[in-house]
Amino acid sequence: MASACSSEAIDDVTDITESLKQLSVARAQINLLRKQNESLKKQLNEKDLTASNGPSTCSSSEKIELSIIGTIKTKFKERRCVPRQPGLCPLAQACLTISNSVFTNPNHALEGLSDFSHMWILFHFHKNETTHVHAKVSPPRLNGLRTGVLGTRSPHRPSPIGLSLVQIDKVEGNSVYFSGVDMIDGTPVLDIKPYIPHYDAPVTLRTDQHVSLFDNGSHQILLDPLTSDREAPDGEETDAYDMPLSPLHTRVRVPLWITEPLMQQLTVEFSSRAREFLNSLDTNDIEATIISILKEDPRSVYVRERYSNQFYTFLIGGYHVSCKFDDTKHTINVYRISYVDSMDNVADQEGAQCLSIE
């Protein structure tokens with residue numbers, strides 16, 4: 001009798017223990033459901049807020065994927081001495097080839113582009129090795145002063161995308177030949193768009209108008225005195241083009257460090273040896289391009305301040321250019337120009353003197 005009671009007591013304890021376990025599991029499941037319910041409510045509230053305020057923007061962790069429509073072939077094989085802006089070397093030519101991986105007939109995609117004189121190129125700074133993006137940068141024209149990166153055209157950006165306005169020379173097949181290069185050889189292109197002054201130029205472009213410039217303190221403003229009689233683009237003839245433009249479309253404001261940079265241009269000189277080599281060439285484009293590049297001082301602010309009066313070498317097309325800065329006189333002397341192959345014997349000797357400047 002006693003053993004039977006003891007057995008029943010053990011069974012009761014076991015039942016209670018099992019019930020407690022099940023109760024604990026149930027409580028955990030209830031808590032989980034509550035958290036899931038709160039999360040769903042939060043998501044619904046966010047969707048309601050988005051619907052009332054318009055489409056949401058991408059978070060900083062989100063990325064988009066873009067297609068490369070083609071690549072650019074230029075005479076600039078390395079980053080050193082690539083023009084900083086497209087207008088600095090107007091004679092420097094390049095070729096954009098549209099890939100047939102995007103279009104079955106890429107030449108069809110270029111139809112009509114030759115009717116325009118200029119085009120915008122959106123490209124990727126694929127040689128940008130910066131791993132950390134700074135909120136402030138030091139543009140060369142500010143000579144060491146810093147300003148917000150989004151207020152400059154620095155290549156070191158959160159999204160390393162370049163935008164250049166270039167002149168269209170000709171369109172052949174699936175290739176576009178253009179002038180005014182500021183890209184390195186092999187640059188991937190994301191898109192191109194024709195330049196239309198009616199849309200893209202804030203100042204009215206008319207050859208019979210006088211565009212004046214005046215200073216209002218920290219900025220300079222370009223003012224177009226005539227604001228009417230514009231021809232409608234693309235055959236659009238509407239009353240909108242018969243109306244005067246608003247001040248937003250007739251004035252362009254830029255900071256003074258754009259029109260009056262804090263660093264002065266350099267005087268480019270050629271030695272008799274370099275001049276003799278240039279005279280042996282059939283073209284003057286190389287000399288003009290070298291001058292356009294060097295007079296703007298291609299060195300970074302950091303290198304210019306840390307290493308003055310240094311030797312400097314760079315490649316342009318099939319030529320090797322060697323020069324030396326004189327920062328006290330604001331001059332740069334090009335003392336040797338030669339074909340790349342002929343520099344193999346002296347490359348090691350000059351390598352110790354020449355700084356690698358990006």
# chains A, B, ... in the order shown; residues from 1 in each chain; ligands from 1
$ select_by_dssp --residues "segment 124-210 of chain A" --states "alpha helix (DSSP H)" --output "short mmCIF file (atom, residue, chain, number, x, y, z; two decimals) with N, CA and C atoms, in the first residue's frame"
data_model
loop_
_atom_site.label_atom_id
_atom_site.label_comp_id
_atom_site.auth_asym_id
_atom_site.auth_seq_id
_atom_site.Cartn_x
_atom_site.Cartn_y
_atom_site.Cartn_z
N PRO A 197 21.58 73.13 -74.96
CA PRO A 197 21.72 74.36 -74.18
C PRO A 197 20.39 74.89 -73.65
N HIS A 198 19.29 74.64 -74.36
CA HIS A 198 18.00 75.11 -73.89
C HIS A 198 17.64 74.50 -72.54
N TYR A 199 18.12 73.28 -72.29
CA TYR A 199 17.83 72.60 -71.04
C TYR A 199 18.99 72.68 -70.05
N ASP A 200 20.22 72.61 -70.58
CA ASP A 200 21.39 72.41 -69.73
C ASP A 200 22.11 73.68 -69.34
#
$ residues_around --residues "segment 284-297 of chain A" --least-positions-apart "3" --cutoff "7 Å" --atoms "only C-alpha atoms" --output "ChimeraX atom specification"
/A:81,83,88-89,91-92,265-268,278
$ residues_around --residues "segment 314-323 of chain A" --least-positions-apart "5" --cutoff "8 Å" --atoms "only C-alpha atoms" --output "ChimeraX atom specification"
/A:74-78,80-81,332-340,343
$ write_last_selection --atoms "C-alpha atoms" --output "mmCIF file, in the first residue's frame"
data_model
loop_
_atom_site.group_PDB
_atom_site.id
_atom_site.type_symbol
_atom_site.label_atom_id
_atom_site.label_comp_id
_atom_site.auth_asym_id
_atom_site.auth_seq_id
_atom_site.Cartn_x
_atom_site.Cartn_y
_atom_site.Cartn_z
ATOM 1 C CA THR A 74 42.448 57.774 -74.216
ATOM 2 C CA LYS A 75 46.133 58.667 -74.333
ATOM 3 C CA PHE A 76 46.231 58.902 -70.526
ATOM 4 C CA LYS A 77 47.333 55.459 -69.347
ATOM 5 C CA GLU A 78 47.659 56.345 -65.666
ATOM 6 C CA ARG A 80 48.965 60.993 -62.964
ATOM 7 C CA CYS A 81 48.477 64.141 -65.060
ATOM 8 C CA ILE A 332 58.042 74.109 -64.517
ATOM 9 C CA ASN A 333 60.782 73.068 -66.894
ATOM 10 C CA VAL A 334 60.192 70.175 -69.283
ATOM 11 C CA TYR A 335 63.732 68.909 -69.790
ATOM 12 C CA ARG A 336 63.058 65.652 -71.647
ATOM 13 C CA ILE A 337 60.365 64.195 -73.899
ATOM 14 C CA SER A 338 60.918 60.786 -75.455
ATOM 15 C CA TYR A 339 59.146 57.722 -76.709
ATOM 16 C CA VAL A 340 58.156 55.318 -73.954
ATOM 17 C CA MET A 343 63.023 55.388 -71.508
#
$ atom_distance --atom1 "atom CA of Thr147 of chain A" --atom2 "atom CA of Ser300 of chain A"
15.4 Å
$ residues_around --residues "Arg306 of chain A" --least-positions-apart "3" --cutoff "12 Å" --atoms "only C-alpha atoms" --output "ChimeraX atom specification"
/A:144,299-303,309-310,327,355,357
$ write_last_selection --atoms "N, CA and C atoms" --output "CSV table (one decimal), in the first residue's frame"
chain,number,residue,atom,x,y,z
A,144,GLY,N,44.8,74.3,-50.3
A,144,GLY,CA,45.0,73.7,-49.0
A,144,GLY,C,43.8,74.0,-48.1
A,299,ARG,N,50.1,68.4,-59.4
A,299,ARG,CA,50.3,67.8,-58.1
A,299,ARG,C,49.2,68.1,-57.1
A,300,SER,N,49.0,67.2,-56.2
A,300,SER,CA,48.1,67.4,-55.1
A,300,SER,C,48.6,68.5,-54.1
A,301,VAL,N,47.7,69.1,-53.4
A,301,VAL,CA,48.1,70.1,-52.4
A,301,VAL,C,49.1,69.5,-51.4
A,302,TYR,N,48.8,68.3,-51.0
A,302,TYR,CA,49.7,67.7,-50.0
A,302,TYR,C,51.1,67.5,-50.5
A,303,VAL,N,51.3,67.0,-51.7
A,303,VAL,CA,52.6,66.8,-52.3
A,303,VAL,C,53.3,68.1,-52.6
A,309,ASN,N,59.8,71.9,-55.4
A,309,ASN,CA,60.9,71.9,-56.4
A,309,ASN,C,61.3,70.4,-56.8
A,310,GLN,N,60.3,69.5,-56.9
A,310,GLN,CA,60.7,68.1,-57.2
A,310,GLN,C,60.6,67.8,-58.6
A,327,ASP,N,59.1,76.0,-57.5
A,327,ASP,CA,57.9,76.7,-56.8
A,327,ASP,C,58.2,78.1,-56.4
A,355,LEU,N,58.5,61.6,-57.9
A,355,LEU,CA,57.5,61.2,-56.9
A,355,LEU,C,56.3,60.6,-57.7
A,357,ILE,N,52.8,60.7,-58.0
A,357,ILE,CA,51.7,61.7,-57.6
A,357,ILE,C,50.4,61.3,-58.2
$ residues_around --residues "Trp120 of chain A" --least-positions-apart "5" --cutoff "10 Å" --atoms "only C-alpha atoms" --output "list of chain:residue names"
A:Leu163, A:Ser164, A:Leu165, A:Val166, A:Gln167, A:Ile168, A:Asp191, A:Ile192, A:Lys193, A:Pro194, A:Tyr195, A:Ile196
$ atom_distance --atom1 "atom CA of His134 of chain A" --atom2 "atom CA of Val189 of chain A"
24.7 Å
$ select_by_dssp --residues "segment 88-119 of chain A" --states "strand (DSSP E or B)" --output "list in words"
Gln93, Ala94, Cys95, Leu96, Thr97, Ile98, His118 and Met119 of chain A
$ atom_distance --atom1 "atom CA of Tyr177 of chain A" --atom2 "atom CA of Leu190 of chain A"
16.7 Å
$ closest_residue --among "A:Pro188, A:Gly112, A:Gly180, A:Pro160" --to "Ile98 of chain A" --atoms "only C-alpha atoms"
A:Pro188
$ closest_residue --among "A:Gly173, A:Pro155, A:Gly70, A:Pro140" --to "His108 of chain A" --atoms "only C-alpha atoms"
A:Gly173
$ closest_residue --among "A:Ile72, A:Ile258, A:Val25, A:Val171" --to "Arg141 of chain A" --atoms "only C-alpha atoms"
A:Ile258
$ closest_residue --among "A:Gln264, A:Thr97, A:Gln29, A:Asn128" --to "Glu172 of chain A" --atoms "only C-alpha atoms"
A:Thr97
